[in-house]
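What's in upload16.txt: compact mmCIF, N, CA and C atoms
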```txt
# COMPACT_ATOMS: atom_id res chain seq x y z
N MET A 1037 74.57 8.65 -57.49
CA MET A 1037 74.63 9.89 -56.74
C MET A 1037 75.87 10.64 -57.21
N GLU A 1038 75.69 11.94 -57.37
CA GLU A 1038 76.83 12.75 -57.77
C GLU A 1038 76.90 14.01 -56.92
N THR A 1039 78.09 14.59 -56.86
CA THR A 1039 78.31 15.83 -56.14
C THR A 1039 78.46 16.95 -57.16
N ILE A 1040 77.68 18.02 -56.98
CA ILE A 1040 77.78 19.18 -57.86
C ILE A 1040 77.99 20.42 -57.00
N ILE A 1041 78.41 21.49 -57.65
CA ILE A 1041 78.53 22.79 -56.98
C ILE A 1041 77.39 23.65 -57.50
N GLU A 1042 76.53 24.10 -56.58
CA GLU A 1042 75.37 24.91 -56.94
C GLU A 1042 75.37 26.17 -56.08
N LYS A 1043 75.49 27.32 -56.71
CA LYS A 1043 75.54 28.61 -56.01
C LYS A 1043 76.64 28.61 -54.95
N GLY A 1044 77.78 28.01 -55.28
CA GLY A 1044 78.92 28.00 -54.40
C GLY A 1044 78.86 26.97 -53.28
N ARG A 1045 77.83 26.13 -53.29
CA ARG A 1045 77.68 25.11 -52.25
C ARG A 1045 77.81 23.72 -52.85
N LYS A 1046 78.33 22.80 -52.05
CA LYS A 1046 78.47 21.41 -52.46
C LYS A 1046 77.13 20.70 -52.24
N VAL A 1047 76.58 20.09 -53.30
CA VAL A 1047 75.26 19.47 -53.23
C VAL A 1047 75.34 18.04 -53.73
N LEU A 1048 74.76 17.11 -52.96
CA LEU A 1048 74.62 15.72 -53.42
C LEU A 1048 73.30 15.61 -54.15
N VAL A 1049 73.31 14.95 -55.30
CA VAL A 1049 72.10 14.77 -56.09
C VAL A 1049 71.95 13.29 -56.40
N ALA A 1050 70.77 12.74 -56.07
CA ALA A 1050 70.49 11.33 -56.33
C ALA A 1050 70.12 11.13 -57.80
N LYS A 1051 70.43 9.93 -58.30
CA LYS A 1051 70.06 9.59 -59.68
C LYS A 1051 68.55 9.53 -59.80
N ASN A 1052 68.05 9.53 -61.03
CA ASN A 1052 66.63 9.41 -61.29
C ASN A 1052 66.07 8.14 -60.66
N GLY A 1053 64.95 8.24 -59.97
CA GLY A 1053 64.34 7.08 -59.35
C GLY A 1053 64.93 6.70 -58.00
N CYS A 1054 65.84 7.54 -57.47
CA CYS A 1054 66.48 7.26 -56.19
C CYS A 1054 66.36 8.47 -55.27
N VAL A 1055 66.59 8.24 -53.98
CA VAL A 1055 66.65 9.31 -52.98
C VAL A 1055 67.91 9.10 -52.14
N ILE A 1056 68.31 10.15 -51.43
CA ILE A 1056 69.48 10.09 -50.57
C ILE A 1056 69.04 9.65 -49.17
N GLN A 1057 69.82 8.74 -48.59
CA GLN A 1057 69.54 8.24 -47.25
C GLN A 1057 70.79 8.40 -46.38
N SER A 1058 70.58 8.76 -45.13
CA SER A 1058 71.68 8.86 -44.17
C SER A 1058 72.14 7.46 -43.79
N VAL A 1059 73.44 7.25 -43.82
CA VAL A 1059 74.00 5.95 -43.44
C VAL A 1059 73.91 5.78 -41.92
N THR A 1060 74.06 6.87 -41.17
CA THR A 1060 74.12 6.77 -39.71
C THR A 1060 72.78 6.47 -39.05
N ASP A 1061 71.70 7.12 -39.49
CA ASP A 1061 70.42 6.89 -38.81
C ASP A 1061 69.30 6.39 -39.72
N GLY A 1062 69.57 6.23 -41.00
CA GLY A 1062 68.58 5.68 -41.92
C GLY A 1062 67.53 6.66 -42.41
N SER A 1063 67.64 7.94 -42.04
CA SER A 1063 66.67 8.94 -42.49
C SER A 1063 66.72 9.10 -44.00
N ILE A 1064 65.55 9.20 -44.61
CA ILE A 1064 65.48 9.49 -46.04
C ILE A 1064 65.41 11.00 -46.19
N LEU A 1065 66.33 11.56 -46.96
CA LEU A 1065 66.50 13.00 -47.01
C LEU A 1065 65.97 13.66 -48.28
N GLY A 1066 65.76 12.92 -49.34
CA GLY A 1066 65.22 13.49 -50.56
C GLY A 1066 66.17 13.36 -51.75
N LYS A 1067 65.85 14.10 -52.83
CA LYS A 1067 66.62 14.02 -54.07
C LYS A 1067 67.92 14.80 -54.01
N LYS A 1068 67.95 15.91 -53.25
CA LYS A 1068 69.13 16.76 -53.14
C LYS A 1068 69.46 17.00 -51.68
N LEU A 1069 70.75 17.17 -51.40
CA LEU A 1069 71.19 17.47 -50.04
C LEU A 1069 72.35 18.44 -50.12
N ILE A 1070 72.20 19.59 -49.48
CA ILE A 1070 73.29 20.56 -49.40
C ILE A 1070 74.22 20.12 -48.27
N LEU A 1071 75.49 19.94 -48.59
CA LEU A 1071 76.46 19.51 -47.59
C LEU A 1071 77.03 20.71 -46.84
N GLY A 1072 77.15 20.58 -45.53
CA GLY A 1072 77.78 21.62 -44.72
C GLY A 1072 79.29 21.56 -44.88
N LYS A 1073 79.98 22.52 -44.29
CA LYS A 1073 81.44 22.59 -44.42
C LYS A 1073 82.13 21.34 -43.91
N LYS A 1074 81.59 20.73 -42.84
CA LYS A 1074 82.22 19.56 -42.25
C LYS A 1074 81.55 18.26 -42.66
N ASP A 1075 80.52 18.33 -43.52
CA ASP A 1075 79.84 17.12 -44.01
C ASP A 1075 80.68 16.40 -45.04
N SER A 1076 80.46 15.10 -45.15
CA SER A 1076 81.14 14.30 -46.15
C SER A 1076 80.12 13.40 -46.84
N GLU A 1077 80.32 13.18 -48.12
CA GLU A 1077 79.39 12.34 -48.87
C GLU A 1077 79.43 10.87 -48.41
N ILE A 1078 80.44 10.48 -47.65
CA ILE A 1078 80.51 9.09 -47.17
C ILE A 1078 79.42 8.78 -46.15
N HIS A 1079 78.78 9.81 -45.59
CA HIS A 1079 77.71 9.60 -44.61
C HIS A 1079 76.35 9.37 -45.27
N TYR A 1080 76.32 9.35 -46.59
CA TYR A 1080 75.05 9.22 -47.32
C TYR A 1080 75.21 8.22 -48.45
N HIS A 1081 74.10 7.58 -48.80
CA HIS A 1081 74.07 6.74 -50.00
C HIS A 1081 72.69 6.90 -50.63
N GLU A 1082 72.53 6.36 -51.82
CA GLU A 1082 71.23 6.49 -52.46
C GLU A 1082 70.54 5.14 -52.51
N ILE A 1083 69.22 5.19 -52.41
CA ILE A 1083 68.40 3.99 -52.46
C ILE A 1083 67.26 4.25 -53.45
N PRO A 1084 66.64 3.20 -53.98
CA PRO A 1084 65.47 3.41 -54.84
C PRO A 1084 64.37 4.12 -54.07
N VAL A 1085 63.56 4.90 -54.77
CA VAL A 1085 62.45 5.62 -54.13
C VAL A 1085 61.56 4.60 -53.43
N PRO A 1086 61.32 4.80 -52.11
CA PRO A 1086 60.47 3.86 -51.37
C PRO A 1086 59.03 3.90 -51.89
N ILE A 1087 58.39 2.74 -51.91
CA ILE A 1087 57.00 2.64 -52.34
C ILE A 1087 56.13 2.59 -51.10
N LYS A 1088 55.13 3.47 -51.04
CA LYS A 1088 54.23 3.50 -49.88
C LYS A 1088 53.31 2.28 -49.91
N THR A 1089 53.12 1.69 -48.75
CA THR A 1089 52.19 0.57 -48.62
C THR A 1089 50.96 1.06 -47.84
N GLU A 1090 49.94 0.23 -47.75
CA GLU A 1090 48.76 0.61 -46.97
C GLU A 1090 49.10 0.86 -45.51
N GLU A 1091 50.07 0.11 -44.98
CA GLU A 1091 50.49 0.32 -43.60
C GLU A 1091 51.02 1.72 -43.39
N ASP A 1092 51.74 2.26 -44.39
CA ASP A 1092 52.31 3.61 -44.29
C ASP A 1092 51.21 4.67 -44.31
N THR A 1093 50.12 4.44 -45.01
CA THR A 1093 49.09 5.46 -45.18
C THR A 1093 48.06 5.46 -44.05
N GLU A 1094 48.07 4.47 -43.17
CA GLU A 1094 47.09 4.39 -42.09
C GLU A 1094 47.39 5.33 -40.95
N GLU A 1095 48.58 5.87 -40.86
CA GLU A 1095 48.97 6.72 -39.72
C GLU A 1095 48.25 8.04 -39.71
```
For this file, produce the structure as structure tokens.
Amino acid sequence: METIIEKGRKVLVAKNGCVIQSVTDGSILGKKLILGKKDSEIHYHEIPVPIKTEEDTEE
């Protein structure tokens, strides 16, 4: 995961094959995350892209 500046905003970008996940609640947020003024990258980490199982598709 790296932090870049895009259009004047701080953006977290996950490596290829990974997504960003919130450390606090476990939400999967996607490949990119725009950080707010008071946000910190320590609240997020990257995980491998989750693989859907049949249980996930039955809902």
Show which residues sit within 6 Å of Thr1039 of chain A, as a list in words. Count only N, CA and C atoms, and ignore same-chain residues fewer than 3 positions away.
Val1047, Leu1048 and Val1049 of chain A
Would you return as a ChimeraX atom specification the members of chain A that DSSP assigns to helix (DSSP H, G or I) on this structure's backbone?
/A:1077-1079,1090-1093
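From atom N of Pro1086 of chain A back to atom N of Lys1073 of chain A, the distance works out to 26.9 Å.
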From a DSSP calculation on the backbone, collect every residue of chain A in strand (DSSP E) and output the set as a PyMOL selection string.
chain A and resi 1038-1042+1045-1049+1054-1058+1064-1066+1068-1070+1080-1084
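Atom N of Glu1038 of chain A sits 5.6 Å away from atom C of Ala1050 of chain A.
Pairwise distance (atom CA of Glu1077 of chain A, atom CA of Thr1060 of chain A) equals 11.9 Å.
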Missing atoms of segment 1051-1066 of chain A rebuilt to N, CA, C and O atoms, written as a compact mmCIF listing (two decimals), keeping the file's coordinate frame:
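File written: out.txt
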```txt
# COMPACT_ATOMS: atom_id res chain seq x y z
N LYS A 1051 70.43 9.93 -58.30
CA LYS A 1051 70.06 9.59 -59.68
C LYS A 1051 68.55 9.53 -59.80
O LYS A 1051 67.83 9.44 -58.79
N ASN A 1052 68.05 9.53 -61.03
CA ASN A 1052 66.63 9.41 -61.29
C ASN A 1052 66.07 8.14 -60.66
O ASN A 1052 66.66 7.08 -60.78
N GLY A 1053 64.95 8.24 -59.97
CA GLY A 1053 64.34 7.08 -59.35
C GLY A 1053 64.93 6.70 -58.00
O GLY A 1053 64.56 5.70 -57.41
N CYS A 1054 65.84 7.54 -57.47
CA CYS A 1054 66.48 7.26 -56.19
C CYS A 1054 66.36 8.47 -55.27
O CYS A 1054 66.04 9.57 -55.70
N VAL A 1055 66.59 8.24 -53.98
CA VAL A 1055 66.65 9.31 -52.98
C VAL A 1055 67.91 9.10 -52.14
O VAL A 1055 68.48 8.01 -52.11
N ILE A 1056 68.31 10.15 -51.43
CA ILE A 1056 69.48 10.09 -50.57
C ILE A 1056 69.04 9.65 -49.17
O ILE A 1056 68.03 10.13 -48.65
N GLN A 1057 69.82 8.74 -48.59
CA GLN A 1057 69.54 8.24 -47.25
C GLN A 1057 70.79 8.40 -46.38
O GLN A 1057 71.90 8.18 -46.85
N SER A 1058 70.58 8.76 -45.13
CA SER A 1058 71.68 8.86 -44.17
C SER A 1058 72.14 7.46 -43.79
O SER A 1058 71.33 6.60 -43.46
N VAL A 1059 73.44 7.25 -43.82
CA VAL A 1059 74.00 5.95 -43.44
C VAL A 1059 73.91 5.78 -41.92
O VAL A 1059 73.65 4.69 -41.43
N THR A 1060 74.06 6.87 -41.17
CA THR A 1060 74.12 6.77 -39.71
C THR A 1060 72.78 6.47 -39.05
O THR A 1060 72.71 5.65 -38.15
N ASP A 1061 71.70 7.12 -39.49
CA ASP A 1061 70.42 6.89 -38.81
C ASP A 1061 69.30 6.39 -39.72
O ASP A 1061 68.19 6.16 -39.26
N GLY A 1062 69.57 6.23 -41.00
CA GLY A 1062 68.58 5.68 -41.92
C GLY A 1062 67.53 6.66 -42.41
O GLY A 1062 66.61 6.28 -43.12
N SER A 1063 67.64 7.94 -42.04
CA SER A 1063 66.67 8.94 -42.49
C SER A 1063 66.72 9.10 -44.00
O SER A 1063 67.80 9.15 -44.59
N ILE A 1064 65.55 9.20 -44.61
CA ILE A 1064 65.48 9.49 -46.04
C ILE A 1064 65.41 11.00 -46.19
O ILE A 1064 64.54 11.65 -45.61
N LEU A 1065 66.33 11.56 -46.96
CA LEU A 1065 66.50 13.00 -47.01
C LEU A 1065 65.97 13.66 -48.28
O LEU A 1065 65.80 14.87 -48.30
N GLY A 1066 65.76 12.92 -49.34
CA GLY A 1066 65.22 13.49 -50.56
C GLY A 1066 66.17 13.36 -51.75
O GLY A 1066 67.14 12.61 -51.73
```
